[in-house]
Each structure stands twice: as structure tokens, then as C-alpha cells.
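What follows is query.tsv (TSV, C-alpha atoms).
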```tsv
chain	number	residue	atom	x	y	z
A	1	MET	CA	0.00	0.00	0.00
A	2	ARG	CA	1.15	3.55	-0.64
A	3	PRO	CA	2.33	5.53	2.43
A	4	HIS	CA	-0.73	7.80	2.20
A	5	GLY	CA	-2.97	4.77	2.33
A	6	LYS	CA	-1.13	3.34	5.34
A	7	THR	CA	-1.64	6.55	7.31
A	8	LYS	CA	-5.38	6.04	6.73
A	9	LEU	CA	-5.15	2.35	7.68
A	10	GLY	CA	-6.23	1.42	4.18
A	11	PHE	CA	-9.38	3.53	4.45
A	12	PHE	CA	-10.74	4.35	0.99
A	13	PRO	CA	-14.43	5.17	1.56
A	14	LEU	CA	-17.10	4.64	-1.04
A	15	PRO	CA	-18.26	7.97	-2.50
A	16	VAL	CA	-21.72	8.79	-1.15
A	17	PRO	CA	-23.31	9.06	-4.65
A	18	GLU	CA	-22.25	5.46	-5.31
A	19	ALA	CA	-23.97	4.38	-2.07
A	20	THR	CA	-27.14	6.11	-3.27
A	21	ARG	CA	-27.03	4.14	-6.53
A	22	LEU	CA	-26.49	0.89	-4.64
A	23	LYS	CA	-29.50	1.60	-2.45
A	24	ASN	CA	-31.64	1.69	-5.59
A	25	CYS	CA	-30.67	-1.94	-6.19
A	26	LEU	CA	-32.09	-3.13	-2.86
A	27	VAL	CA	-35.54	-4.00	-1.57
A	28	PHE	CA	-35.58	-4.02	2.23
A	29	ALA	CA	-37.55	-6.08	4.73
A	30	SER	CA	-39.46	-4.31	7.48
A	31	GLU	CA	-36.86	-5.32	10.10
A	32	PHE	CA	-33.37	-6.64	9.50
A	33	SER	CA	-29.74	-6.43	10.62
A	34	ALA	CA	-27.03	-4.87	8.44
A	35	LEU	CA	-23.29	-5.01	9.07
A	36	ASP	CA	-20.30	-3.09	7.75
A	37	PRO	CA	-17.07	-4.77	8.99
A	38	CYS	CA	-14.98	-1.78	7.79
A	39	VAL	CA	-17.43	0.98	8.58
A	40	GLY	CA	-14.97	3.90	8.62
A	41	ASP	CA	-16.80	7.15	9.35
A	42	GLY	CA	-20.12	5.50	8.50
A	43	LEU	CA	-21.22	7.98	5.82
A	44	ALA	CA	-21.50	5.49	2.95
A	45	PHE	CA	-23.15	2.84	5.14
A	46	MET	CA	-25.78	5.23	6.45
A	47	ARG	CA	-26.53	6.58	2.97
A	48	LEU	CA	-27.04	2.98	1.86
A	49	LEU	CA	-29.64	2.57	4.65
A	50	HIS	CA	-31.10	6.08	4.54
A	51	GLY	CA	-34.79	6.08	5.43
A	52	VAL	CA	-34.76	2.36	6.26
A	53	THR	CA	-35.53	0.81	9.65
A	54	ALA	CA	-32.60	-1.48	10.36
A	55	HIS	CA	-30.28	-2.66	13.11
A	56	CYS	CA	-26.99	-1.12	11.95
A	57	TYR	CA	-23.68	-2.59	13.11
A	58	GLY	CA	-20.12	-1.61	12.26
A	59	VAL	CA	-16.53	-2.49	13.06
A	60	GLU	CA	-13.75	0.09	12.77
A	61	ILE	CA	-10.15	-0.09	13.94
A	62	ASP	CA	-9.53	3.67	14.06
A	63	ALA	CA	-10.84	5.34	17.25
A	64	ASN	CA	-11.75	8.68	15.64
A	65	ARG	CA	-13.65	7.13	12.75
A	66	ALA	CA	-15.39	4.71	15.11
A	67	GLU	CA	-16.64	7.68	17.12
A	68	GLN	CA	-17.89	9.35	13.94
A	69	ALA	CA	-19.80	6.21	13.00
A	70	ARG	CA	-21.39	6.00	16.45
A	71	ALA	CA	-22.51	9.61	16.13
A	72	LEU	CA	-24.50	8.59	13.03
A	73	GLY	CA	-26.39	5.95	14.99
A	74	ILE	CA	-24.34	2.90	14.00
A	75	GLU	CA	-23.63	0.44	16.81
A	76	THR	CA	-19.88	0.43	16.24
A	77	LEU	CA	-17.24	-1.80	17.78
A	78	GLN	CA	-13.74	-0.35	17.75
A	79	ALA	CA	-11.60	-3.36	16.93
A	80	ASN	CA	-9.72	-5.25	14.29
A	81	THR	CA	-12.36	-7.14	12.30
A	82	MET	CA	-10.23	-10.29	12.50
A	83	ASP	CA	-10.73	-10.22	16.29
A	84	VAL	CA	-14.52	-9.88	16.07
A	85	ARG	CA	-16.97	-12.76	16.20
A	86	CYS	CA	-20.59	-12.72	15.03
A	87	PRO	CA	-23.14	-15.57	15.10
A	88	PRO	CA	-23.13	-17.37	11.74
A	89	GLU	CA	-25.94	-16.61	9.29
A	90	ALA	CA	-27.23	-13.77	11.46
A	91	VAL	CA	-27.28	-10.62	9.31
A	92	SER	CA	-29.32	-9.90	6.19
A	93	LEU	CA	-27.06	-7.32	4.54
A	94	LEU	CA	-23.26	-7.41	4.50
A	95	TYR	CA	-21.64	-4.28	3.07
A	96	LEU	CA	-17.92	-4.96	2.73
A	97	ASN	CA	-15.37	-2.40	1.54
A	98	PRO	CA	-12.14	-3.91	2.96
A	99	PRO	CA	-8.64	-2.39	3.09
A	100	TYR	CA	-6.73	-2.57	-0.19
A	101	ASP	CA	-3.50	-4.16	0.98
A	102	TRP	CA	-1.66	-7.42	1.70
A	103	GLU	CA	-2.13	-9.18	5.03
A	104	SER	CA	0.70	-8.76	7.56
A	105	GLY	CA	1.49	-12.14	9.04
A	106	GLU	CA	3.90	-15.01	8.85
A	107	SER	CA	2.73	-16.10	5.41
A	108	ASN	CA	2.05	-12.57	4.07
A	109	ASN	CA	0.69	-14.05	0.88
A	110	GLN	CA	-2.99	-13.10	0.75
A	111	ARG	CA	-4.81	-9.95	-0.19
A	112	LEU	CA	-6.87	-8.40	2.59
A	113	GLU	CA	-9.89	-8.27	0.29
A	114	LEU	CA	-10.01	-12.07	0.31
A	115	VAL	CA	-9.08	-12.32	4.01
A	116	PHE	CA	-11.95	-10.06	5.05
A	117	LEU	CA	-14.41	-11.84	2.75
A	118	GLU	CA	-13.43	-15.25	4.12
A	119	HIS	CA	-13.83	-14.01	7.69
A	120	THR	CA	-17.19	-12.26	7.33
A	121	TYR	CA	-19.26	-14.01	4.63
A	122	ARG	CA	-20.38	-16.68	7.14
A	123	TRP	CA	-22.18	-13.99	9.14
A	124	LEU	CA	-24.58	-13.47	6.22
A	125	LYS	CA	-27.74	-15.57	6.37
A	126	ALA	CA	-28.99	-17.69	3.48
A	127	GLY	CA	-30.72	-15.37	1.04
A	128	GLY	CA	-28.89	-12.38	2.49
A	129	VAL	CA	-27.32	-9.78	0.23
A	130	LEU	CA	-23.60	-9.10	-0.16
A	131	ILE	CA	-22.31	-5.74	-1.39
A	132	PHE	CA	-18.57	-6.15	-2.01
A	133	VAL	CA	-16.55	-3.08	-3.07
A	134	ILE	CA	-13.03	-3.86	-4.30
A	135	GLN	CA	-10.48	-2.90	-6.91
A	136	GLN	CA	-11.12	-4.64	-10.21
A	137	PRO	CA	-7.79	-6.57	-10.38
A	138	ARG	CA	-8.57	-8.17	-6.98
A	139	LEU	CA	-11.74	-9.85	-8.21
A	140	ALA	CA	-9.87	-12.88	-9.52
A	141	LYS	CA	-8.53	-13.78	-6.05
A	142	CYS	CA	-12.07	-13.78	-4.65
A	143	ALA	CA	-13.66	-15.56	-7.63
A	144	ARG	CA	-13.78	-19.08	-6.21
A	145	LEU	CA	-15.28	-18.12	-2.84
A	146	LEU	CA	-17.89	-15.90	-4.49
A	147	SER	CA	-18.84	-18.58	-7.01
A	148	GLU	CA	-19.08	-21.33	-4.39
A	149	TYR	CA	-21.08	-19.56	-1.70
A	150	PHE	CA	-23.08	-16.94	-3.61
A	151	THR	CA	-25.57	-16.82	-6.44
A	152	ASP	CA	-27.15	-14.11	-8.62
A	153	LEU	CA	-23.77	-12.40	-8.94
A	154	ARG	CA	-23.67	-9.07	-10.75
A	155	VAL	CA	-20.58	-6.89	-11.15
A	156	PHE	CA	-20.71	-3.18	-11.91
A	157	ARG	CA	-18.08	-0.54	-12.54
A	158	LEU	CA	-18.18	2.49	-10.21
A	159	THR	CA	-17.98	5.83	-11.98
A	160	GLU	CA	-17.27	8.59	-9.42
A	161	SER	CA	-13.85	10.24	-9.75
A	162	ALA	CA	-12.52	8.72	-6.51
A	163	SER	CA	-13.81	5.30	-7.60
A	164	LEU	CA	-12.11	5.61	-10.98
A	165	GLN	CA	-8.87	6.61	-9.26
A	166	TYR	CA	-8.79	3.31	-7.36
A	167	ASN	CA	-10.40	1.28	-10.16
A	168	GLN	CA	-13.28	0.26	-7.90
A	169	ILE	CA	-16.03	-2.18	-8.80
A	170	VAL	CA	-18.94	-3.56	-6.79
A	171	VAL	CA	-20.14	-7.15	-6.60
A	172	LEU	CA	-23.80	-7.73	-5.72
A	173	ALA	CA	-24.73	-11.28	-4.75
A	174	THR	CA	-27.09	-13.46	-2.70
A	175	ARG	CA	-25.82	-16.01	-0.16
A	176	ARG	CA	-26.56	-19.58	-1.20
A	177	LYS	CA	-28.62	-21.79	1.06
A	178	ARG	CA	-26.53	-24.02	3.30
A	179	HIS	CA	-27.46	-27.27	1.52
A	180	SER	CA	-27.35	-25.80	-1.97
A	181	ARG	CA	-24.51	-27.42	-3.87
A	182	VAL	CA	-23.00	-26.47	-7.19
A	183	THR	CA	-21.43	-28.95	-9.58
A	184	ASP	CA	-17.76	-28.73	-10.38
A	185	ALA	CA	-18.56	-27.64	-13.93
A	186	VAL	CA	-20.83	-24.81	-12.78
A	187	LEU	CA	-18.28	-23.72	-10.17
A	188	LEU	CA	-15.47	-23.70	-12.75
A	189	ASP	CA	-17.57	-21.64	-15.16
A	190	GLY	CA	-18.36	-19.13	-12.42
A	191	VAL	CA	-14.72	-18.79	-11.44
A	192	ARG	CA	-13.62	-18.29	-15.04
A	193	TYR	CA	-16.36	-15.71	-15.59
A	194	LEU	CA	-15.31	-13.61	-12.58
A	195	GLU	CA	-11.63	-13.96	-13.36
A	196	GLY	CA	-12.36	-12.66	-16.84
A	197	LEU	CA	-14.17	-9.65	-15.41
A	198	GLY	CA	-11.08	-8.90	-13.32
A	199	THR	CA	-9.16	-8.03	-16.48
A	200	LYS	CA	-11.99	-6.78	-18.69
A	201	SER	CA	-11.47	-3.23	-19.91
A	202	GLU	CA	-15.13	-2.26	-20.15
A	203	PHE	CA	-18.26	-3.54	-18.48
A	204	GLU	CA	-21.56	-2.25	-17.22
A	205	PRO	CA	-21.41	0.82	-14.95
A	206	LEU	CA	-23.58	1.20	-11.87
A	207	GLY	CA	-26.28	3.61	-13.02
A	208	ASP	CA	-28.79	5.81	-11.25
A	209	THR	CA	-31.62	3.57	-12.43
A	210	ALA	CA	-31.51	0.06	-11.01
A	211	GLU	CA	-31.57	-2.71	-13.60
A	212	VAL	CA	-31.48	-5.42	-10.94
A	213	ARG	CA	-33.16	-5.65	-7.51
A	214	TYR	CA	-31.96	-7.70	-4.54
A	215	GLU	CA	-34.38	-8.47	-1.71
A	216	VAL	CA	-32.87	-8.10	1.77
A	217	PRO	CA	-34.60	-10.66	4.05
A	218	ASP	CA	-35.67	-10.03	7.62
A	219	SER	CA	-33.46	-10.90	10.59
A	220	GLU	CA	-33.15	-10.31	14.32
A	221	PRO	CA	-30.65	-8.07	16.16
A	222	VAL	CA	-27.19	-9.57	16.64
A	223	VAL	CA	-24.37	-9.29	19.17
A	224	LEU	CA	-20.79	-8.69	18.02
A	225	THR	CA	-18.05	-9.90	20.36
A	226	HIS	CA	-14.51	-8.53	20.46
A	227	MET	CA	-12.09	-11.38	21.20
A	228	GLY	CA	-8.90	-9.31	20.95
A	229	ILE	CA	-6.99	-7.05	23.34
A	230	PRO	CA	-8.65	-3.63	23.93
A	231	LEU	CA	-5.60	-1.63	22.90
A	232	ASP	CA	-7.07	1.79	23.67
A	233	GLU	CA	-7.95	0.77	27.23
A	234	VAL	CA	-4.49	-0.73	27.69
A	235	GLU	CA	-2.93	2.52	26.47
A	236	ASP	CA	-5.01	4.58	28.90
A	237	LEU	CA	-4.08	2.34	31.84
A	238	LEU	CA	-0.42	2.06	30.88
A	239	LEU	CA	0.69	5.23	32.66
A	240	GLU	CA	-0.72	3.88	35.94
A	241	SER	CA	1.32	0.70	35.71
A	242	ALA	CA	4.20	0.40	38.18
A	243	ALA	CA	6.15	-1.72	35.69
A	244	TYR	CA	5.75	0.95	33.01
A	245	ARG	CA	6.98	3.68	35.37
A	246	GLN	CA	10.06	1.65	36.21
A	247	ALA	CA	10.84	0.84	32.59
A	248	GLY	CA	10.10	4.42	31.55
A	249	ARG	CA	13.06	5.70	33.54
A	250	VAL	CA	15.33	3.70	31.24
A	251	LEU	CA	13.41	3.68	27.96
A	252	LEU	CA	12.01	7.21	28.09
A	253	PRO	CA	14.58	9.45	29.76
A	254	LYS	CA	13.62	13.08	30.25
A	255	LEU	CA	15.16	15.60	27.89
A	256	ASN	CA	17.83	17.78	29.42
A	257	ASP	CA	17.30	21.52	29.42
A	258	VAL	CA	20.10	23.60	27.94
A	259	LYS	CA	20.66	26.88	29.75
A	260	GLY	CA	23.30	29.55	29.96
A	261	ARG	CA	25.28	31.63	27.53
A	262	PRO	CA	28.07	30.35	25.26
A	263	LEU	CA	31.61	31.32	26.16
A	264	THR	CA	32.20	32.76	22.70
A	265	PRO	CA	29.75	34.03	20.05
A	266	LEU	CA	28.21	31.29	17.91
A	267	HIS	CA	28.78	31.36	14.18
A	268	GLY	CA	26.31	30.05	11.59
A	269	GLY	CA	27.59	26.47	11.72
A	270	HIS	CA	27.09	26.26	15.48
A	271	VAL	CA	23.54	27.61	15.22
A	272	GLY	CA	22.74	25.19	12.41
A	273	LEU	CA	23.93	22.20	14.44
A	274	LEU	CA	21.90	23.28	17.46
A	275	CYS	CA	18.80	23.86	15.36
A	276	THR	CA	18.82	20.57	13.49
A	277	ALA	CA	19.65	18.71	16.71
A	278	GLY	CA	16.37	20.00	18.12
A	279	MET	CA	18.04	22.03	20.86
A	280	LEU	CA	16.49	25.31	19.68
A	281	ASN	CA	12.94	23.96	19.35
A	282	GLY	CA	10.33	25.39	21.67
A	283	VAL	CA	7.80	28.15	22.34
A	284	PHE	CA	8.84	31.75	21.75
A	285	GLY	CA	7.34	35.24	21.66
A	286	GLU	CA	4.40	36.93	23.32
A	287	GLY	CA	0.82	37.74	22.32
A	288	GLU	CA	0.04	37.29	18.63
A	289	ASP	CA	3.72	36.66	17.94
A	290	ARG	CA	3.81	33.67	20.28
A	291	HIS	CA	4.74	30.59	18.25
A	292	ILE	CA	6.14	27.08	18.27
A	293	ALA	CA	9.41	26.57	16.39
A	294	HIS	CA	10.63	23.24	15.06
A	295	TRP	CA	13.83	22.73	13.09
A	296	ARG	CA	14.89	19.81	10.97
A	297	SER	CA	17.44	18.89	8.34
A	298	VAL	CA	16.07	18.21	4.83
A	299	LYS	CA	17.83	16.49	1.95
A	300	PHE	CA	17.48	17.96	-1.56
A	301	THR	CA	18.61	16.48	-4.86
A	302	ASP	CA	19.71	18.76	-7.70
A	303	HIS	CA	19.51	17.48	-11.28
A	304	TRP	CA	21.29	18.98	-14.26
A	305	GLU	CA	22.36	17.93	-17.73
A	306	GLU	CA	25.72	18.35	-19.38
A	307	GLN	CA	26.39	17.84	-23.08
A	308	GLU	CA	29.75	16.70	-24.43
A	309	GLU	CA	31.28	17.92	-27.70
A	310	ASP	CA	30.19	14.73	-29.46
A	311	GLY	CA	26.57	15.33	-28.44
A	312	THR	CA	26.55	12.84	-25.57
A	313	LYS	CA	24.32	13.98	-22.73
A	314	ILE	CA	25.41	13.32	-19.16
A	315	LEU	CA	22.89	13.55	-16.34
A	316	HIS	CA	24.18	14.64	-12.94
A	317	ASP	CA	22.58	14.30	-9.50
A	318	ARG	CA	23.87	16.02	-6.42
A	319	GLU	CA	22.47	15.58	-2.93
A	320	ARG	CA	22.68	18.33	-0.34
A	321	PHE	CA	21.15	19.14	3.02
A	322	SER	CA	19.43	22.29	4.17
A	323	HIS	CA	17.78	23.54	7.34
A	324	GLU	CA	14.00	23.88	7.48
A	325	LEU	CA	12.08	25.78	10.14
A	326	THR	CA	8.37	25.25	10.78
A	327	LEU	CA	6.53	27.93	12.75
A	328	VAL	CA	3.02	27.61	14.18
A	329	PHE	CA	1.59	30.87	15.56
A	330	ALA	CA	-1.08	31.31	18.21
A	331	ASN	CA	-3.58	32.65	15.65
A	332	GLY	CA	-3.31	29.47	13.56
A	333	LYS	CA	-0.94	30.84	10.95
A	334	THR	CA	1.87	28.51	9.90
A	335	GLN	CA	5.11	29.14	8.06
A	336	ILE	CA	7.73	26.84	6.63
A	337	LEU	CA	11.07	28.55	6.01
A	338	THR	CA	13.90	27.07	3.97
A	339	HIS	CA	16.56	28.42	1.66
A	340	GLU	CA	14.24	27.74	-1.31
A	341	LYS	CA	10.73	28.65	-0.21
A	342	LYS	CA	8.50	30.42	2.26
A	343	GLU	CA	5.03	28.99	2.74
A	344	ALA	CA	2.22	30.50	4.78
A	345	GLU	CA	-1.31	29.39	5.57
```

Spell out the structure here as C-alpha cells.
Amino acid sequence: MRPHGKTKLGFFPLPVPEATRLKNCLVFASEFSALDPCVGDGLAFMRLLHGVTAHCYGVEIDANRAEQARALGIETLQANTMDVRCPPEAVSLLYLNPPYDWESGESNNQRLELVFLEHTYRWLKAGGVLIFVIQQPRLAKCARLLSEYFTDLRVFRLTESASLQYNQIVVLATRRKRHSRVTDAVLLDGVRYLEGLGTKSEFEPLGDTAEVRYEVPDSEPVVLTHMGIPLDEVEDLLLESAAYRQAGRVLLPKLNDVKGRPLTPLHGGHVGLLCTAGMLNGVFGEGEDRHIAHWRSVKFTDHWEEQEEDGTKILHDRERFSHELTLVFANGKTQILTHEKKEAE
């Protein structure tokens, strides 16, 4: 995953207009349970269920996004979905938009799209509806499971700009009944069909007018159970631990304050070393000029081209370091000062 995606924990939400189009494909029972195992901030999930009476459940690993989802009325469990258990065949609607990444484990050989699908599809009751949002190239890895345990599969291309950026598609399907078996020939045909869609350049987009309707059956409320370690609670209690306080004296020594005046005046090199070492960071000024200063050393690479007499072009790269100062003022204004630029917000 790209670094930007990792900072978001693989969170690439479905654009709300796409959720509105998906809602047009559904016919809801009077009472049912719906689950989003990667609920994020809950906006797409709630738009999908807008105006519908349903028991809404979500799982979200990020504390801030979990709180946002709860504020929308979703009963949200802050946890890793892999540590959550749900009664099998309990929910009527499973909306799954998993992280787009590889699993991190000893084997490290499976896509998370498949891992999340394998873990959660059993929670969907027979006749329940699956909405599976993934990147198109990942469809092939999920083809066998989808073909074996689901029927009435339809795949649509998503058309919003953010969806096009990540090459997103949506799979709509109905969970097979427990005793419904498919022959090897039918299963092989289904797998080949989905694998082909994974590389197809053009196929049907998800439109505003529904061409297919999936009936969401009724179901009772469910209880999600977190089987993992409550990391946030552990973090809050950590500072009260005697063992942590003892280890903290060694692992987290206090920073020493530097006071006094130098014996001789400092020249530019001395100041630069102190700045980039973090010894001149801190809070300065009074009133509106009060600000936080933070120095760091930044590496730049210069590129230039040199042409020989015979016409040969030689490309040169030269790396150099420069100081950069970030200032945050009391009124919210920020500045970044380097030898090349001056940015303000």
C-alpha cells in the first residue's frame, strides 16, 4: 500500500453518490440487521440505509472514525475485524469495503480483500445480500469463494472520480442456502467468468436507475463480540502501571534543558547544528507573535544535464542538506522557512 494509504489504515471510503445508486438496487424487509465490517466514518453505510428501519452494526479499527460512525447511529465496535466474532448466518445485509492491501502475518501471501471476505461471509444468512466493493484486479482472487457460496452475482463498474482513481467495482450477490450445492462444472464456469471480469477493460457501470433488484430478508438483532486485546484501554491504563513507570526511567529518559550563555559568540555552523539537533525547538514570543518553532534537516537532490562535444548527454545528480524551520503561531498561521521557499497558511 502507498504511504498515504497506510496513514489512513487502508481507508478508501465509497463515495456517497455510489452508495445512493447501490441503495436503488435493494428492496428491504421491514426489520433486519445490516453489518459493515470496515465501517470507517459511516457515511457510505448510512446513505445505503437512509430512510430504512434497520439494526446497523459496524466495526472500525480507528478510534476517531469509530466515534464518527457511532454519532450517526451505528452500533460500532472499535476493533480489528479479525478479532470480532458474530453468530453465523445472522445478518441480512453485508456491506464490505475492505482495506486494499496485503495481510501482515507469517505467510504474508494473501490480499486483505479475500481475508476479510473469508472471515465475514459466514455472518450473512442464506438469502442475504452481499455488497462487495473492491479494486477490479482483486476480483480474480475472490472468484472461487464468491462462485461457491453466492448466487445471482452481478458486477458493476463504479464511476465517481474517486472510484475511478482506485479502479473500484462492486459485486452484488445473494448467499446460497446451506445445503445448496454447485457442480464442479458450474463452479469452474463461475470462477472463469469472474476472473475474466477482473481483467476486462469495459463492463456495465452502476447507473442511477436500477436494472437489478436484490431483496434483503428479515433478521433479528445480533451481538458482536470482540475477542482481541482492547488496545485503547491498555494505552489509557499504561501510565498507571508500576512496571511501566520503572521501565520508563530507562526507555524514556527526560530531555535535558540547555541553559546559559556560550563562552564565545556562535557562528552560523554552530547555530545550524543546534537547530537541526532540536536544541532550539520550543515556544517563543508573546501575544500574537507567540509561536512554536521546530527545526529539521532536509535532503534535496539537484539534477542537471551536461552535453559533451560529441553530443553525448550526461545527467548529474547532487544531494545536499538544508535547514528547514516550521513555525506555528497562536492565531493558527503557519510558516515553513527554507533556503528555497517560504510557505504561509

Handout entry: Using all atoms listed in the file: which of A:Phe116, A:Phe300, A:Tyr149, A:Tyr100 has the shortest distance to Gln136 in chain A
Key =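 Checking each candidate against Gln136 in chain A, we get A:Tyr100 as the closest.
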
Taking a cut-off of 12 Å and counting all atoms listed in the file, can you build a table that, for each residue of range 120-206 of chain A near range 36-55 of chain A, reports the nearest atom pair and how far apart they are in Å (one decimal), sorted by chain then residue number, as JSON lines?
```
{"residue": "A:Thr120", "atom": "CA", "partner": "A:Pro37", "partner_atom": "CA", "distance": 7.7}
{"residue": "A:Tyr121", "atom": "CA", "partner": "A:Pro37", "partner_atom": "CA", "distance": 10.4}
{"residue": "A:Trp123", "atom": "CA", "partner": "A:Pro37", "partner_atom": "CA", "distance": 10.5}
{"residue": "A:Leu124", "atom": "CA", "partner": "A:Asp36", "partner_atom": "CA", "distance": 11.3}
{"residue": "A:Leu130", "atom": "CA", "partner": "A:Asp36", "partner_atom": "CA", "distance": 10.5}
{"residue": "A:Ile131", "atom": "CA", "partner": "A:Asp36", "partner_atom": "CA", "distance": 9.7}
{"residue": "A:Phe132", "atom": "CA", "partner": "A:Asp36", "partner_atom": "CA", "distance": 10.4}
{"residue": "A:Val133", "atom": "CA", "partner": "A:Cys38", "partner_atom": "CA", "distance": 11.0}
```

Exercise for the section: Just give me the gap between CA of Gly198 in chain A and CA of Arg144 in chain A in Å, one decimal is fine. Expected result: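 Rounded to one decimal, the two atoms are 12.7 Å apart.
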
Problem - Which residue of A:Val129, A:Arg157, A:Val298, A:Leu22 approaches Glu204 in chain A most closely, using all atoms listed in the file - result: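 Result for the nearest residue to Glu204 in chain A: A:Arg157.
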
For range 211-299 of chain A versus range 315-324 of chain A, which residues have an atom no more than 10 Å away, and what is each residue's nearest atom pair and distance in Å rounded to one decimal, using all atoms listed in the file, chain-then-number order, as a tab-separated table?
```
residue	atom	partner	partner_atom	distance
A:Gly272	CA	A:His323	CA	7.3
A:Leu273	CA	A:His323	CA	9.5
A:Cys275	CA	A:His323	CA	8.1
A:Thr276	CA	A:His323	CA	6.9
A:His294	CA	A:Glu324	CA	8.3
A:Trp295	CA	A:Glu324	CA	5.7
A:Arg296	CA	A:Glu324	CA	5.4
A:Ser297	CA	A:His323	CA	4.8
A:Val298	CA	A:Ser322	CA	5.3
A:Lys299	CA	A:Phe321	CA	4.4
```

Keeping only C-alpha atoms, write the selected residues as a PDB file, in the coordinates of the input.
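result12.pdb, freshly written:
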```pdb
ATOM      1  CA  GLY A 272      22.740  25.190  12.410  1.00  0.00           C
ATOM      2  CA  LEU A 273      23.930  22.200  14.440  1.00  0.00           C
ATOM      3  CA  CYS A 275      18.800  23.860  15.360  1.00  0.00           C
ATOM      4  CA  THR A 276      18.820  20.570  13.490  1.00  0.00           C
ATOM      5  CA  HIS A 294      10.630  23.240  15.060  1.00  0.00           C
ATOM      6  CA  TRP A 295      13.830  22.730  13.090  1.00  0.00           C
ATOM      7  CA  ARG A 296      14.890  19.810  10.970  1.00  0.00           C
ATOM      8  CA  SER A 297      17.440  18.890   8.340  1.00  0.00           C
ATOM      9  CA  VAL A 298      16.070  18.210   4.830  1.00  0.00           C
ATOM     10  CA  LYS A 299      17.830  16.490   1.950  1.00  0.00           C
TER      11      LYS A 299
END
```

Handout entry: Gap from CA of Asp101 in chain A to CA of Met82 in chain A - Å, one decimal
Key =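 Separation between CA of Asp101 in chain A and CA of Met82 in chain A: 14.7 Å.
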
Report, as AutoDock Vina command-line options, the axis-aligned box around all atoms of range 332-339 of chain A present in the file, extended by 4 Å on each side; give centre and edge lengths in Å to one decimal place.
```
--center_x 6.6 --center_y 28.8 --center_z 7.6 --size_x 27.9 --size_y 12.0 --size_z 19.9
```

Practice task
Work out how far apart CA of Thr225 in chain A and CA of Lys141 in chain A are and give it in Å to one decimal.
Solution key: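 Pair CA of Thr225 in chain A / CA of Lys141 in chain A returns 28.3 Å.
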
Problem - Contact residues around range 23-31 of chain A with only C-alpha atoms at 6 Å, ignoring same-chain residues under 4 positions, as a list in words - result: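 Everything that qualifies: Leu48, Ala54, Ala210, Val212, Arg213, Tyr214, Glu215, Val216, Pro217 and Asp218 of chain A.
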
Handout entry: Nearest to Pro99 in chain A, chosen from A:Ile61, A:Ala19, A:Val223, A:Ala126, with all atoms listed in the file counted in the distances
Key =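 Of A:Ile61, A:Ala19, A:Val223, A:Ala126, the one nearest Pro99 in chain A, counting all atoms listed in the file, is A:Ile61.
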
Practice task
Identify which of the residues A:Pro262, A:Gly58, A:Gly128, A:Pro17 lies closest to Lys177 in chain A, counting only C-alpha atoms when measuring atom-to-atom distances.
Solution key: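 For Lys177 in chain A, the nearest of the given residues is A:Gly128.
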
Exercise for the section: Tell me which of A:Ala173, A:Leu251, A:Leu139, A:Gln168 sits closest to Thr151 in chain A, counting all atoms listed in the file. Expected result: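 Going through A:Ala173, A:Leu251, A:Leu139, A:Gln168 one by one, the smallest distance to Thr151 in chain A is for A:Ala173.
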
Problem - Nearest residue to Gly190 in chain A from the set A:Leu145, A:Ala247, A:Leu96, A:Ile134 (distances using only C-alpha atoms) - result: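 Going through A:Leu145, A:Ala247, A:Leu96, A:Ile134 one by one, the smallest distance to Gly190 in chain A is for A:Leu145.
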